[in-house]
Structures are given as structure tokens and as C-alpha cells.
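*Asks:* Supplied structure: upload.txt, compact mmCIF, C-alpha atoms and all ligand atoms.
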# COMPACT_ATOMS: atom_id res chain seq x y z
CA MET W 1 -36.84 10.65 -81.69
CA SER W 2 -40.17 8.83 -81.87
CA THR W 3 -41.25 6.56 -79.04
CA ASP W 4 -42.82 4.09 -81.46
CA VAL W 5 -42.49 0.55 -80.20
CA SER W 6 -42.15 -2.49 -82.40
CA THR W 7 -45.16 -4.79 -82.68
CA LEU W 8 -42.85 -7.79 -83.16
CA ASP W 9 -42.86 -10.75 -80.81
CA LEU W 10 -39.51 -12.15 -79.64
CA GLU W 11 -39.18 -14.71 -82.45
CA GLU W 12 -40.09 -12.16 -85.13
CA ALA W 13 -37.60 -9.74 -83.57
CA GLY W 14 -34.98 -12.50 -83.71
CA ALA W 15 -35.63 -12.96 -87.44
CA VAL W 16 -35.29 -9.21 -88.06
CA LEU W 17 -32.10 -8.94 -85.99
CA ALA W 18 -30.59 -12.01 -87.70
CA ALA W 19 -31.23 -10.45 -91.12
CA GLU W 20 -29.86 -7.04 -90.10
CA SER W 21 -26.85 -8.70 -88.51
CA ALA W 22 -26.09 -10.76 -91.62
CA ARG W 23 -26.14 -7.55 -93.66
CA PHE W 24 -23.74 -5.71 -91.34
CA ALA W 25 -21.49 -8.78 -91.17
CA SER W 26 -21.38 -8.90 -94.99
CA PHE W 27 -19.99 -5.34 -94.90
CA GLY W 28 -17.17 -6.54 -92.59
CA TRP W 29 -18.50 -4.47 -89.70
CA MET W 30 -19.07 -7.45 -87.32
CA ARG W 31 -15.94 -9.51 -87.75
CA GLY W 32 -15.24 -12.44 -85.47
CA THR W 33 -18.10 -12.37 -82.99
CA SER W 34 -18.09 -8.59 -82.66
CA GLY W 35 -21.09 -6.29 -82.57
CA ASN W 36 -24.65 -6.62 -81.31
CA LEU W 37 -28.14 -5.39 -82.18
CA SER W 38 -31.39 -4.74 -80.34
CA VAL W 39 -34.99 -3.75 -80.92
CA VAL W 40 -37.39 -2.37 -78.29
CA LEU W 41 -40.43 -4.61 -77.80
CA SER W 42 -42.10 -2.64 -75.00
CA ARG W 43 -41.49 0.71 -73.42
CA ASP W 44 -43.17 0.37 -70.01
CA PRO W 45 -41.73 -1.82 -68.72
CA LEU W 46 -38.73 -1.46 -71.02
CA ARG W 47 -38.06 -4.74 -72.81
CA LEU W 48 -35.63 -5.28 -75.66
CA ALA W 49 -34.77 -8.19 -77.90
CA VAL W 50 -30.94 -8.29 -77.96
CA THR W 51 -28.63 -10.56 -79.91
CA ALA W 52 -27.17 -13.42 -77.88
CA SER W 53 -23.54 -13.11 -76.76
CA GLY W 54 -20.54 -14.66 -78.45
CA HIS W 55 -22.16 -15.76 -81.69
CA ASP W 56 -20.87 -15.20 -85.22
CA LYS W 57 -23.15 -12.29 -86.13
CA GLY W 58 -23.17 -13.34 -89.78
CA GLU W 59 -24.77 -16.67 -88.86
CA LEU W 60 -27.51 -15.78 -86.36
CA THR W 61 -30.82 -17.64 -86.42
CA PRO W 62 -34.12 -16.17 -85.13
CA ALA W 63 -33.53 -18.12 -81.89
CA ASP W 64 -30.24 -16.31 -81.17
CA VAL W 65 -31.96 -13.47 -79.40
CA VAL W 66 -32.65 -12.77 -75.71
CA LEU W 67 -35.36 -10.68 -74.03
CA VAL W 68 -33.79 -8.22 -71.57
CA ASP W 69 -35.05 -5.62 -69.11
CA GLU W 70 -34.03 -2.01 -68.52
CA ARG W 71 -30.79 -3.14 -66.86
CA GLY W 72 -29.90 -5.46 -69.75
CA ASP W 73 -30.58 -8.53 -67.62
CA ALA W 74 -32.15 -11.57 -69.30
CA VAL W 75 -35.87 -11.91 -68.73
CA SER W 76 -36.09 -15.17 -70.64
CA GLY W 77 -33.57 -17.64 -71.99
CA GLY W 78 -29.98 -17.48 -73.16
CA ARG W 79 -27.05 -15.17 -72.49
CA PRO W 80 -27.63 -11.67 -73.83
CA SER W 81 -24.91 -9.56 -75.40
CA ALA W 82 -22.32 -8.36 -72.92
CA GLU W 83 -23.38 -4.86 -74.02
CA ALA W 84 -27.14 -5.36 -73.51
CA ALA W 85 -27.19 -2.87 -70.62
CA LEU W 86 -25.85 -0.14 -72.91
CA HIS W 87 -28.52 -0.90 -75.52
CA ALA W 88 -31.18 -0.56 -72.81
CA ARG W 89 -29.63 2.70 -71.61
CA VAL W 90 -29.56 4.14 -75.15
CA ALA W 91 -33.19 3.12 -75.72
CA ALA W 92 -34.29 4.72 -72.42
CA LEU W 93 -32.23 7.88 -72.95
CA THR W 94 -32.99 8.60 -76.60
CA GLY W 95 -36.39 6.96 -77.13
CA ALA W 96 -34.86 4.88 -79.91
CA GLY W 97 -36.69 1.78 -81.07
CA ALA W 98 -33.54 -0.01 -82.24
CA VAL W 99 -29.82 0.13 -81.49
CA VAL W 100 -26.89 -1.02 -83.62
CA HIS W 101 -23.35 -1.66 -82.40
CA VAL W 102 -20.66 -2.45 -84.98
CA HIS W 103 -16.87 -2.70 -84.85
CA THR W 104 -15.82 -0.71 -87.91
CA VAL W 105 -12.22 0.13 -88.70
CA ALA W 106 -13.14 3.74 -89.53
CA SER W 107 -14.79 4.38 -86.15
CA VAL W 108 -11.80 3.02 -84.22
CA ALA W 109 -9.25 4.83 -86.41
CA LEU W 110 -11.06 8.18 -86.13
CA GLY W 111 -11.73 7.75 -82.42
CA ARG W 112 -7.98 7.56 -82.05
CA ARG W 113 -7.30 10.53 -84.31
CA SER W 114 -10.05 12.78 -82.86
CA PRO W 115 -10.56 11.85 -79.20
CA GLY W 116 -12.47 15.11 -78.59
CA GLY W 117 -15.13 14.26 -81.20
CA ILE W 118 -15.45 14.21 -84.98
CA VAL W 119 -16.73 17.49 -86.44
CA LEU W 120 -18.93 17.16 -89.53
CA SER W 121 -20.45 19.82 -91.80
CA ASP W 122 -21.36 20.69 -95.40
CA LEU W 123 -22.09 17.19 -96.59
CA GLU W 124 -25.27 16.13 -98.36
CA MET W 125 -25.05 12.78 -96.57
CA LEU W 126 -25.72 14.52 -93.21
CA LYS W 127 -29.36 14.72 -94.28
CA GLY W 128 -29.46 10.95 -93.80
CA VAL W 129 -29.28 11.49 -90.03
CA GLY W 130 -31.60 14.50 -90.03
CA VAL W 131 -28.90 17.20 -90.02
CA PRO W 132 -29.02 19.99 -92.64
CA ALA W 133 -26.49 19.54 -95.44
CA HIS W 134 -25.15 23.09 -95.19
CA GLY W 135 -24.42 25.73 -92.58
CA VAL W 136 -24.55 23.46 -89.54
CA GLU W 137 -21.64 21.86 -87.70
CA VAL W 138 -22.30 18.74 -85.67
CA THR W 139 -19.93 16.72 -83.54
CA LEU W 140 -20.01 12.95 -83.47
CA PRO W 141 -18.91 12.34 -79.86
CA VAL W 142 -16.06 10.01 -78.98
CA ILE W 143 -16.23 8.49 -75.50
CA ALA W 144 -13.59 6.45 -73.68
CA ASN W 145 -14.18 2.71 -73.59
CA SER W 146 -15.04 0.77 -70.43
CA GLN W 147 -16.02 -2.81 -69.61
CA ASP W 148 -18.63 -1.36 -67.23
CA MET W 149 -21.82 -0.61 -69.16
CA THR W 150 -23.04 1.84 -66.50
CA VAL W 151 -19.84 3.86 -66.92
CA LEU W 152 -20.17 3.72 -70.72
CA GLY W 153 -23.83 4.78 -70.45
CA ASP W 154 -22.92 7.74 -68.23
CA ARG W 155 -20.25 8.81 -70.72
CA LEU W 156 -22.65 8.46 -73.65
CA GLU W 157 -25.32 10.48 -71.84
CA ALA W 158 -22.85 13.26 -71.00
CA ALA W 159 -21.28 13.46 -74.45
CA ARG W 160 -24.12 12.89 -76.87
CA ASP W 161 -25.15 15.54 -79.37
CA VAL W 162 -28.95 15.24 -79.57
CA ARG W 163 -28.76 16.01 -83.29
CA MET W 164 -26.60 12.92 -83.97
CA PRO W 165 -28.03 9.42 -83.37
CA ALA W 166 -24.57 7.95 -82.83
CA VAL W 167 -21.51 7.81 -80.59
CA VAL W 168 -18.01 6.40 -81.20
CA VAL W 169 -16.53 4.33 -78.39
CA ALA W 170 -12.76 4.79 -78.53
CA GLY W 171 -10.75 1.67 -79.27
CA HIS W 172 -13.98 -0.28 -79.60
CA GLY W 173 -16.56 0.70 -82.23
CA LEU W 174 -19.72 2.58 -83.06
CA TYR W 175 -23.19 2.86 -81.45
CA VAL W 176 -26.04 4.10 -83.65
CA TRP W 177 -29.79 4.21 -83.05
CA GLY W 178 -33.07 4.92 -84.81
CA ASP W 179 -36.82 4.58 -84.51
CA SER W 180 -36.80 1.09 -86.04
CA PRO W 181 -34.23 -1.53 -87.11
CA ARG W 182 -34.52 -0.20 -90.67
CA GLN W 183 -33.91 3.43 -89.65
CA ALA W 184 -31.09 2.39 -87.30
CA ARG W 185 -29.50 0.57 -90.25
CA HIS W 186 -29.82 3.60 -92.49
CA HIS W 187 -28.29 5.80 -89.79
CA THR W 188 -25.45 3.30 -89.35
CA GLU W 189 -24.71 3.23 -93.08
CA VAL W 190 -24.74 7.05 -93.24
CA VAL W 191 -22.55 7.54 -90.15
CA GLU W 192 -20.08 4.93 -91.35
CA TRP W 193 -19.96 6.64 -94.78
CA LEU W 194 -19.19 9.96 -93.06
CA LEU W 195 -16.45 8.30 -90.98
CA GLU W 196 -14.90 6.65 -94.02
CA LEU W 197 -14.88 9.97 -95.85
CA GLU W 198 -13.28 11.66 -92.83
CA LEU W 199 -10.68 8.89 -92.73
CA THR W 200 -9.59 9.72 -96.28
CA GLY W 201 -8.63 13.18 -95.01
CA THR W 202 -10.91 14.87 -97.54
CA GLY W 203 -13.96 15.31 -95.30
CA ARG W 204 -13.49 19.10 -94.99
C1 LIG Y 1 -14.42 -9.64 -80.33
S1 LIG Y 1 -15.93 -9.00 -79.77
C2 LIG Y 1 -15.69 -8.42 -78.09
C3 LIG Y 1 -17.00 -8.10 -77.40
C4 LIG Y 1 -17.70 -6.97 -78.10
O1 LIG Y 1 -17.21 -5.84 -78.05
C5 LIG Y 1 -18.89 -7.18 -78.89
O2 LIG Y 1 -19.37 -6.25 -79.53
C6 LIG Y 1 -19.58 -8.49 -78.95
O3 LIG Y 1 -20.10 -8.85 -77.70
P1 LIG Y 1 -21.37 -9.82 -77.58
O4 LIG Y 1 -21.41 -10.20 -76.12
O5 LIG Y 1 -22.56 -9.05 -78.01
O6 LIG Y 1 -21.15 -11.00 -78.49
ZN ZN Y 2 -18.43 -4.28 -79.02
Mind turning the file's structure into C-alpha cells?
Ligand SMILES: CSCCC(=O)C(=O)COP(=O)(O)O
Ligand SMILES: [Zn+2]
*Replies:*
Amino acid sequence: MSTDVSTLDLEEAGAVLAAESARFASFGWMRGTSGNLSVVLSRDPLRLAVTASGHDKGELTPADVVLVDERGDAVSGGRPSAEAALHARVAALTGAGAVVHVHTVASVALGRRSPGGIVLSDLEMLKGVGVPAHGVEVTLPVIANSQDMTVLGDRLEAARDVRMPAVVVAGHGLYVWGDSPRQARHHTEVVEWLLELELTGTGR
């Protein structure tokens, strides 16, 4: 994973996250006020722009974003996502430049069906997350949910498959990351496609 850092300022990051969020919401992946997004603005010290907590993610404005530190604590203004600390942990751990969290039905259903992880292979779509289409088996990890972001971060770190930029949180949703908001979105769309296929029972 690249360590490229966005050149956006906080307001520009807010505009990008609002647009990405509206797109995910239009897919039905951020119903109610669920889900949250972030983009890394600086690496040292680690600073992320994270969506504000409790908003309808289909209606965010560029101002609905909060600057947080490596612990997910607000550095300036507003109340950051309740999951900001996990975004910061993922960014520090993986070198990702952007993190997406969505509440999709497929991720929750499959997390329930395959609590040990979701095995994927022999699908052209795997190339969309950098995995060869044939001859390689990868596991999308499923970790138990927690309200404690440090616990969730420890579980994600222990379970992650470095070849897969994503983790399912059981009974909760999906975390996906990428070098940039655009790549994180592409990874999210690909992983969700793989989950939906798996849900049909025809994945393998
Ligand atoms: C009905 S959403 C429950 C909280 C959650 O899991 C989520 O993704 C949204 O939290 P945020 O604080 O980012 O609004
Ligand atoms: Zn959530």
C-alpha cells in the first residue's frame, strides 16, 4: 500500500467525503445514519478528515467533517464519527490514504454465515483488489464486533490478510481501504460485489 498523502485541505476533504458518501448512500450502503469515511491529510503527525457523527450520510455538506489525530480524537471542531479511532488505526497499520465503512446487508449476512472468514478464489473481479483472478485463494477476514475501537483495531490487526484491503465486522458492516478516496471506493465496490455473489451461493 502506498503512503501517498492527500494534498487536500480540510474543506476540500469534506467536499470529497460528502460526494463519496452520497454515492455510497445512493447504493443503500449507508442507511439511516450508518457508515463513515475518512481521508488521510498528513502522515506525521497522523491527521485524518473523518465524517462527523450521527449525520445522514446521503446529505453531508463539506462542513460535516472533523480533523482527528492518531487516536481518533478531534483536533478541530465538531464531533467525529464514533469509529474515527478505527479509521486512524487502519490508516496507521496499512498505510492507506482513505478508509470506507459501510453497513451493507451482504457483509452482515456473510459475517454470520462464515464467522471464520470468507474464502474467495477464481474470480476475475478479484483483480480489482490486486489479487490474481486464478490460482490464488484469499480470505476476507471476519472479526467480532465491539464498541471499543481499540479492541476492534486489535482484532483487525490480528486477522487481516495483507492481500485484501478489507475486513468484515460481524453483525455490523464492512471496512475497506485504499490509497485514495477513489481507490477506496473502487475497492469497496469490488468487495461488495464479491460478497453479493457469495451471498447468492454461487461464488464457488
Ligand atoms: C445506525 S449507525 C450506528 C453507528 C455506526 O455503526 C456507524 O457506522 C455510524 O456512526 P457515526 O458516529 O460515524 O455516525
Ligand atoms: Zn458502523
*Asks:* Give me, as CSV, each residue of chain W that comes within 7 Å of ligand LIG 1 (chain Y), together with its shortest interatomic pair and the distance in Å at one decimal, counting only C-alpha atoms and all ligand atoms, with rows ordered by chain and rising residue number.
*Replies:*
residue,atom,partner,partner_atom,distance
W:Gly32,CA,Y:LIG1,C1,5.9
W:Thr33,CA,Y:LIG1,S1,5.1
W:Ser34,CA,Y:LIG1,S1,3.6
W:Gly35,CA,Y:LIG1,O2,3.5
W:Asn36,CA,Y:LIG1,O5,4.6
W:Thr51,CA,Y:LIG1,O5,6.5
W:Ala52,CA,Y:LIG1,O5,6.4
W:Ser53,CA,Y:LIG1,O6,3.6
W:Gly54,CA,Y:LIG1,O6,3.7
W:His55,CA,Y:LIG1,O6,5.8
W:Pro80,CA,Y:LIG1,O4,6.8
W:Ser81,CA,Y:LIG1,O5,3.5
W:Ala82,CA,Y:LIG1,O4,3.8
W:Glu83,CA,Y:LIG1,O5,5.8
W:His101,CA,Y:LIG1,O2,6.7
W:Val102,CA,Y:LIG1,O2,6.8
W:His103,CA,Y:LIG1,O2,6.9
W:His172,CA,Y:LIG1,O1,6.6
*Asks:* Point out the residue among W:Gly14, W:Ile118, W:Val190, W:Leu86 with the least atom-to-atom distance to ligand ZN 2 (chain Y), counting all atoms listed in the file.
*Replies:*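 Ranking W:Gly14, W:Ile118, W:Val190, W:Leu86 by distance to ligand ZN 2 (chain Y), first place goes to W:Leu86.
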*Asks:* Enter the distance from atom CA of W:Ala91 to atom CA of W:Val40, in Å, rounded to one decimal.
*Replies:*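 Separation of atom CA of W:Ala91 and atom CA of W:Val40: 7.4 Å.
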*Asks:* Any chance you could tabulate, as a tab-separated table, the residues of stretch 76-113 of chain W at most 9 Å from stretch 150-155 of chain W with each one's nearest atom pair and distance in Å to one decimal, using all atoms listed in the file, in chain and rising number order?
*Replies:*
residue	atom	partner	partner_atom	distance
W:Ala85	CA	W:Thr150	CA	7.5
W:Leu86	CA	W:Gly153	CA	5.9
W:His87	CA	W:Gly153	CA	8.9
W:Arg89	CA	W:Gly153	CA	6.3
W:Val90	CA	W:Gly153	CA	7.4
*Asks:* Name the closest residue to ligand ZN 2 (chain Y) among the candidates W:Leu8, W:Leu174, W:Leu110, W:Val50; distances are taken between atoms, counting all atoms listed in the file.
*Replies:*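 Closest residue, counting all atoms listed in the file: W:Leu174.
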*Asks:* Might I get the box with edges along x, y and z of the file that holds all atoms of stretch 128-135 of chain W listed there, padded by 6 Å on every side, given as centre and edge lengths in Å to one decimal, as JSON?
*Replies:*
{"center_x": -28.0, "center_y": 18.3, "center_z": -92.7, "size_x": 19.2, "size_y": 26.8, "size_z": 17.4}
